[in-house]
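Down below is the structure, laid out as C-alpha cells.
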Amino acid sequence: MKKIAIILGMVLLLAGCSEIQEVQDESKEPAPSTIKITNDNVILKLKEDTLTSTIVTFILTNNSDEPIVYSDEFRLERKQEDNWYKVKPIKNIGFYLQPHQLNPDEFIEFGVDLLYTYGQLESGLYRLVKSYKYNNSEEDLYVAAEFMIN
C-alpha cells in the first residue's frame, strides 16, 4: 500500500510539472514562424467557395515529375505585420501520421473544420501549412494556402 501511495504521488508530481511547463510556455511572447514555403511544383490552394462553410476544403496538387509523401498533419498561421505566427488550436487535435503518397499529376482534396479546431477566427490573413517529402528524400518541404477571414 505504501508503494502504491509513493508511485501515485510521483505520477501526480510529474503531471503537475508538465502542467507548469505548459503554463510557462504559454506566457512567452509568440515567436514568428520559421517555416519556409517551398516554391516548386507542389501546390496547396483553397477550393473556391468553401471558406463560407463549416469545413473548409483545400486541394493539394503534385505537378512534379516524382511522387511525394505527406501526412494528415497541418498547422494554421496568421500574418501579423510582416510575420506569420502559429494559431493555437482550442482543442487537442490528433493527426493520422500514416504517410500518404501523391503521384505526379494527381491531387487530393481534404477538409479542415476551422471553427471546431480554432474557434471563431479574428479578421486577417491566414495560411494553412502542410509538409511533404519527395519519395527518396528526408528533407521536409512546406506548402501553404493563404486566405482572408473578414
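In the C-alpha cells, chains take the letters A, B, ... in the order shown, each chain's residues start at 1, and ligands count up from 1 in the order shown.
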Compile the contact shell of A:Leu51 as a PDB file with C-alpha atoms, in the first residue's frame: residues with an atom at most 12 Å away, counting only C-alpha atoms, same-chain residues fewer than 5 positions apart removed.
ATOM      1  CA  LYS A  45      -4.814  26.016 -52.525  1.00  0.00           C
ATOM      2  CA  LEU A  46      -8.191  26.789 -51.056  1.00  0.00           C
ATOM      3  CA  VAL A  56     -13.048  24.464 -45.488  1.00  0.00           C
ATOM      4  CA  THR A  57     -11.703  22.394 -48.380  1.00  0.00           C
ATOM      5  CA  PHE A  58      -8.106  22.531 -49.587  1.00  0.00           C
ATOM      6  CA  GLY A 111     -11.405  19.349 -45.362  1.00  0.00           C
ATOM      7  CA  VAL A 112     -10.485  21.269 -42.227  1.00  0.00           C
ATOM      8  CA  ASP A 113     -13.077  22.336 -39.661  1.00  0.00           C
ATOM      9  CA  LEU A 114     -11.530  25.664 -38.663  1.00  0.00           C
ATOM     10  CA  LEU A 115     -14.357  26.633 -36.293  1.00  0.00           C
ATOM     11  CA  TYR A 126      -4.185  33.213 -42.642  1.00  0.00           C
ATOM     12  CA  GLU A 146      -3.332  31.722 -47.948  1.00  0.00           C
ATOM     13  CA  PHE A 147      -6.851  33.005 -47.322  1.00  0.00           C
ATOM     14  CA  MET A 148      -8.543  36.023 -45.805  1.00  0.00           C
ATOM     15  CA  ILE A 149     -11.053  35.966 -42.934  1.00  0.00           C
ATOM     16  CA  ASN A 150     -13.296  39.059 -42.886  1.00  0.00           C
TER      17      ASN A 150
END
Would you list the contacts of A:His100 as a ChimeraX atom specification, taking every protein, DNA or RNA residue within 9 Å and counting only C-alpha atoms, but skipping same-chain residues closer than 3 positions in sequence?
/A:68-72,97
Hey, can you check how far atom CA of A:Asn39 sits from atom CA of A:Ser64?
11.5 Å
Among chain A, which residues carry a DSSP assignment of alpha helix (DSSP H), reported as a PyMOL selection string?
chain A and resi 2-27+114-118
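Here atom CA of A:Lys79 stands at a distance of 26.0 Å from atom CA of A:Ile108.
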Those of chain A in DSSP strand (DSSP E), formatted as a PyMOL selection string
chain A and resi 42-46+55-62+68-70+75-80+83-86+100-102+106-113+124-134+141-149
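Here atom CA of A:Tyr142 stands at a distance of 6.7 Å from atom CA of A:Val129.
Among the candidates A:Leu125, A:Ile90, A:Ala31, A:Leu44, the residue lying nearest to A:Phe74 is A:Leu44 (atoms considered: only C-alpha atoms).
Nearest-residue note for A:Glu73: choosing from A:Asn92, A:Lys130, A:Leu121, A:Gln98, the minimum distance belongs to A:Lys130, counting only C-alpha atoms.
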Compile the contact shell of A:Asp140 as a ChimeraX atom specification: residues with an atom at most 7 Å away, counting only C-alpha atoms, same-chain residues fewer than 6 positions apart removed.
/A:131-133
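Distances here use only C-alpha atoms; by that measure, the residue among A:Glu66, A:Asp40, A:Arg78, A:Glu29 closest to A:Asn136 is A:Glu66.
Among the candidates A:Gln80, A:Asn63, A:Asn135, A:Ser33, the residue lying nearest to A:Asp105 is A:Asn63 (atoms considered: only C-alpha atoms).
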Env of A:Lys36: 10 Å cut, atoms = only C-alpha atoms, seq-sep filter 4 positions within chain, self excluded. Answer as a list in words.
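Using only C-alpha atoms, the neighbours found are Leu141, Tyr142, Val143 and Ala144 of chain A.
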